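Encoded as structure tokens, the structure appears first; notes follow it.
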Amino acid sequence: MFMKYKIACAALALMSSVPAFAQEEPTSPVTVTGSVAMVSDYRFRGVSMTDKGMAIQGGLTVSHESGAYAGAWGSNLSGWGTFGGANMELDLFAGYAIPLNETTTLDVGLTWYMYPSGLDITDFAEPYVKLSSQIGPVKGLVGVAYAPKQEALGNWSNTPQSRVGDKEDNLYIWADVSGSVPNTPVTLKAHLGYSNGNPGLGPNGTSLAPTGKYVDWLVGADVAVPGTPLTLGIAYVDTDIARVEENYLRPNFSDADGSSIARSQVVFSISAAF
């Protein structure tokens, strides 16, 4: 009986030691996330980059536990946003997210806007600073993006005072807020932005603020599809760009039917995160 007890104890000891050899590997310090989306209109700071047509978009971000991150995001283009012959926008970005406390994060980084197959002078860099916080179900973010003087932002195309090689800068200030509706898959969202750049289109339409100073805004909602990574979205987008400013830039600032690409528009989207 004593022998059986020893054998049983030895077996239990061996079994208890198995997890020590079968433990899961430590969590990787690197995280990879991404998303794909289809939108009815690609609006960048209130202005359509696809002549109010559909766009397929996708991005990938690699993050380190230290807060450093880098990634890429792309979308098709059309119309005035073809940027010197390119029909695609490819954004490369990198930065560092610094937690200030349990709810607030400071994010400092840079985005390099590229337009593959377009003119060389259409690419440009834009540093940014973002401060985000979350209180309960409500998330808030304020950001400042400043692109220093670069040829891609110059006011030397499509104007009588054209100066080849002109370099201009661009400032964009924005605020976002979103909040989930309790006990529902619905998230409400809003955006307000202010652009201050050159008063005309840059080379072949690259200027971030194509009519100088203007305000853009968005209000909408996202609905997560239960049991899937899918999210359905709807948003009302608009700007305060005056018609006289649009007329100054026509026909480049209108779609194939001659209507404005900066007026109000309801944008639909379907996206998936992974």
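Following the order of the structure tokens, chains are lettered A, B, ..., residues in each are numbered from 1, and ligands are numbered from 1.
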Per DSSP on the backbone, filter stretch 92-247 of chain A down to the residues in strand (DSSP E or B) and report them as a PyMOL selection string. chain A and resi 92-99+104-114+124-135+138-150+168-180+186-196+213-224+230-239
When you look at A:Ser269 with a cut-off of 6 Å (counting only C-alpha atoms), what residues show up, excluding the ones that are within fewer than 3 positions of it in the same chain? I need them as a PyMOL selection string. chain A and resi 38-39+232-233
From the options A:Leu119, A:Leu249, A:Leu77, A:Leu192, which residue's atoms come nearest to A:Asn155, counting only C-alpha atoms? A:Leu249
Give me every helix (DSSP H, G or I) residue in stretch 109-182 of chain A, going by DSSP on the backbone, as a list in words. Asp120, Ile121, Thr122, Glu151, Ala152 and Leu153 of chain A
Prev. selection, N, CA and C atoms, output as a PDB file, in the first residue's frame:
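File written: again.pdb
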ATOM      1  N   ASP A 120       7.618  63.044 -59.661  1.00  0.00           N
ATOM      2  CA  ASP A 120       8.466  62.965 -58.470  1.00  0.00           C
ATOM      3  C   ASP A 120       8.139  64.066 -57.460  1.00  0.00           C
ATOM      4  N   ILE A 121       7.760  65.230 -57.967  1.00  0.00           N
ATOM      5  CA  ILE A 121       7.545  66.377 -57.076  1.00  0.00           C
ATOM      6  C   ILE A 121       6.231  66.302 -56.319  1.00  0.00           C
ATOM      7  N   THR A 122       5.458  65.238 -56.505  1.00  0.00           N
ATOM      8  CA  THR A 122       4.173  65.158 -55.809  1.00  0.00           C
ATOM      9  C   THR A 122       4.290  64.557 -54.411  1.00  0.00           C
ATOM     10  N   GLU A 151       7.956  71.533 -52.409  1.00  0.00           N
ATOM     11  CA  GLU A 151       7.524  71.820 -53.775  1.00  0.00           C
ATOM     12  C   GLU A 151       6.169  71.197 -54.084  1.00  0.00           C
ATOM     13  N   ALA A 152       5.894  70.026 -53.496  1.00  0.00           N
ATOM     14  CA  ALA A 152       4.621  69.358 -53.757  1.00  0.00           C
ATOM     15  C   ALA A 152       3.434  70.177 -53.278  1.00  0.00           C
ATOM     16  N   LEU A 153       3.654  71.096 -52.345  1.00  0.00           N
ATOM     17  CA  LEU A 153       2.581  71.928 -51.810  1.00  0.00           C
ATOM     18  C   LEU A 153       2.610  73.329 -52.403  1.00  0.00           C
TER      19      LEU A 153
END
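Near stretch 223-231 of chain A, within 12 Å and counting only C-alpha atoms, sit Gly34, Ser35, Val36, Ala37, Met38, Val39, Gly179, Ser180, Val181, Thr184, Pro185, Val186, Thr187, Leu188, Lys189, Phe268, Ser269, Ile270, Ser271, Ala272, Ala273 and Phe274 of chain A; same-chain residues fewer than 5 positions away were not included.
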Dump all heavy atoms for the selected residues as a compact mmCIF listing (two decimals), in the first residue's frame?
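File produced: part_11.txt:
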# COMPACT_ATOMS: atom_id res chain seq x y z
N GLY A 34 -4.10 45.36 -38.94
CA GLY A 34 -4.40 45.90 -40.27
C GLY A 34 -5.89 46.03 -40.50
O GLY A 34 -6.71 45.66 -39.65
N SER A 35 -6.24 46.57 -41.64
CA SER A 35 -7.65 46.73 -42.01
C SER A 35 -7.78 46.88 -43.51
O SER A 35 -6.84 47.29 -44.20
CB SER A 35 -8.24 47.98 -41.33
OG SER A 35 -7.61 49.15 -41.82
N VAL A 36 -8.95 46.52 -44.01
CA VAL A 36 -9.30 46.75 -45.41
C VAL A 36 -10.68 47.38 -45.42
O VAL A 36 -11.50 47.14 -44.52
CB VAL A 36 -9.30 45.44 -46.23
CG1 VAL A 36 -7.89 44.89 -46.36
CG2 VAL A 36 -10.21 44.39 -45.58
N ALA A 37 -10.95 48.20 -46.43
CA ALA A 37 -12.24 48.89 -46.47
C ALA A 37 -12.63 49.21 -47.91
O ALA A 37 -11.77 49.35 -48.78
CB ALA A 37 -12.17 50.18 -45.65
N MET A 38 -13.92 49.32 -48.10
CA MET A 38 -14.47 49.83 -49.35
C MET A 38 -15.37 51.00 -48.99
O MET A 38 -16.25 50.87 -48.13
CB MET A 38 -15.26 48.75 -50.09
CG MET A 38 -15.87 49.24 -51.41
SD MET A 38 -16.59 47.89 -52.39
CE MET A 38 -17.92 47.37 -51.30
N VAL A 39 -15.13 52.16 -49.60
CA VAL A 39 -15.89 53.36 -49.29
C VAL A 39 -16.54 53.90 -50.55
O VAL A 39 -16.02 53.72 -51.66
CB VAL A 39 -14.99 54.46 -48.66
CG1 VAL A 39 -14.42 53.98 -47.35
CG2 VAL A 39 -13.86 54.85 -49.61
N GLY A 179 -18.11 57.65 -29.44
CA GLY A 179 -18.64 57.01 -28.25
C GLY A 179 -19.57 55.88 -28.59
O GLY A 179 -20.39 56.00 -29.52
N SER A 180 -19.42 54.76 -27.90
CA SER A 180 -20.29 53.61 -28.15
C SER A 180 -21.61 53.78 -27.43
O SER A 180 -21.66 54.31 -26.31
CB SER A 180 -19.60 52.33 -27.69
OG SER A 180 -19.26 52.42 -26.32
N VAL A 181 -22.67 53.35 -28.07
CA VAL A 181 -24.00 53.38 -27.46
C VAL A 181 -24.16 52.13 -26.61
O VAL A 181 -24.02 51.01 -27.13
CB VAL A 181 -25.10 53.44 -28.53
CG1 VAL A 181 -26.49 53.46 -27.87
CG2 VAL A 181 -24.91 54.66 -29.41
N THR A 184 -25.44 48.20 -27.46
CA THR A 184 -25.66 48.13 -28.90
C THR A 184 -24.31 48.02 -29.60
O THR A 184 -23.27 48.34 -29.01
CB THR A 184 -26.39 49.38 -29.44
OG1 THR A 184 -25.47 50.49 -29.48
CG2 THR A 184 -27.60 49.73 -28.58
N PRO A 185 -24.29 47.61 -30.88
CA PRO A 185 -23.03 47.56 -31.63
C PRO A 185 -22.73 48.89 -32.33
O PRO A 185 -21.87 48.96 -33.21
CB PRO A 185 -23.29 46.45 -32.65
CG PRO A 185 -24.75 46.56 -32.93
CD PRO A 185 -25.40 46.96 -31.61
N VAL A 186 -23.43 49.95 -31.92
CA VAL A 186 -23.34 51.25 -32.60
C VAL A 186 -22.34 52.17 -31.92
O VAL A 186 -22.32 52.28 -30.68
CB VAL A 186 -24.72 51.94 -32.65
CG1 VAL A 186 -24.61 53.31 -33.32
CG2 VAL A 186 -25.71 51.06 -33.40
N THR A 187 -21.52 52.83 -32.72
CA THR A 187 -20.59 53.85 -32.24
C THR A 187 -20.85 55.14 -33.01
O THR A 187 -20.87 55.14 -34.25
CB THR A 187 -19.13 53.44 -32.45
OG1 THR A 187 -18.86 52.26 -31.69
CG2 THR A 187 -18.18 54.54 -32.00
N LEU A 188 -21.09 56.22 -32.30
CA LEU A 188 -21.30 57.53 -32.92
C LEU A 188 -19.96 58.25 -33.02
O LEU A 188 -19.10 58.10 -32.15
CB LEU A 188 -22.30 58.35 -32.11
CG LEU A 188 -23.67 57.71 -31.88
CD1 LEU A 188 -24.55 58.64 -31.04
CD2 LEU A 188 -24.35 57.38 -33.20
N LYS A 189 -19.79 59.05 -34.07
CA LYS A 189 -18.50 59.71 -34.26
C LYS A 189 -18.69 61.10 -34.88
O LYS A 189 -19.70 61.38 -35.54
CB LYS A 189 -17.60 58.88 -35.18
CG LYS A 189 -18.22 58.62 -36.57
CD LYS A 189 -17.37 57.68 -37.41
CE LYS A 189 -18.00 57.43 -38.78
NZ LYS A 189 -17.19 56.50 -39.61
N PHE A 268 -20.69 56.03 -47.45
CA PHE A 268 -20.92 54.71 -46.88
C PHE A 268 -19.63 53.91 -46.91
O PHE A 268 -18.79 54.10 -47.79
CB PHE A 268 -22.01 53.97 -47.65
CG PHE A 268 -23.34 54.66 -47.68
CD1 PHE A 268 -23.67 55.51 -48.72
CD2 PHE A 268 -24.25 54.47 -46.65
CE1 PHE A 268 -24.88 56.17 -48.75
CE2 PHE A 268 -25.48 55.11 -46.68
CZ PHE A 268 -25.80 55.97 -47.73
N SER A 269 -19.48 53.01 -45.94
CA SER A 269 -18.26 52.20 -45.90
C SER A 269 -18.54 50.84 -45.30
O SER A 269 -19.48 50.66 -44.53
CB SER A 269 -17.18 52.92 -45.08
OG SER A 269 -17.58 53.03 -43.73
N ILE A 270 -17.69 49.89 -45.68
CA ILE A 270 -17.67 48.58 -45.04
C ILE A 270 -16.20 48.23 -44.85
O ILE A 270 -15.40 48.33 -45.78
CB ILE A 270 -18.40 47.50 -45.88
CG1 ILE A 270 -18.30 46.15 -45.18
CG2 ILE A 270 -17.87 47.43 -47.30
CD1 ILE A 270 -19.18 45.08 -45.82
N SER A 271 -15.83 47.85 -43.64
CA SER A 271 -14.43 47.60 -43.35
C SER A 271 -14.28 46.37 -42.47
O SER A 271 -15.22 45.90 -41.84
CB SER A 271 -13.83 48.83 -42.63
OG SER A 271 -14.49 49.07 -41.40
N ALA A 272 -13.06 45.85 -42.47
CA ALA A 272 -12.73 44.69 -41.64
C ALA A 272 -11.36 44.90 -41.03
O ALA A 272 -10.43 45.31 -41.71
CB ALA A 272 -12.75 43.42 -42.47
N ALA A 273 -11.26 44.66 -39.73
CA ALA A 273 -9.98 44.80 -39.03
C ALA A 273 -9.43 43.43 -38.68
O ALA A 273 -10.17 42.48 -38.46
CB ALA A 273 -10.18 45.61 -37.75
N PHE A 274 -8.12 43.33 -38.67
CA PHE A 274 -7.49 42.06 -38.30
C PHE A 274 -6.19 42.32 -37.54
O PHE A 274 -5.72 43.45 -37.47
CB PHE A 274 -7.20 41.22 -39.55
CG PHE A 274 -6.36 41.91 -40.59
CD1 PHE A 274 -4.96 41.81 -40.53
CD2 PHE A 274 -6.93 42.65 -41.61
CE1 PHE A 274 -4.17 42.44 -41.48
CE2 PHE A 274 -6.15 43.28 -42.55
CZ PHE A 274 -4.76 43.18 -42.50
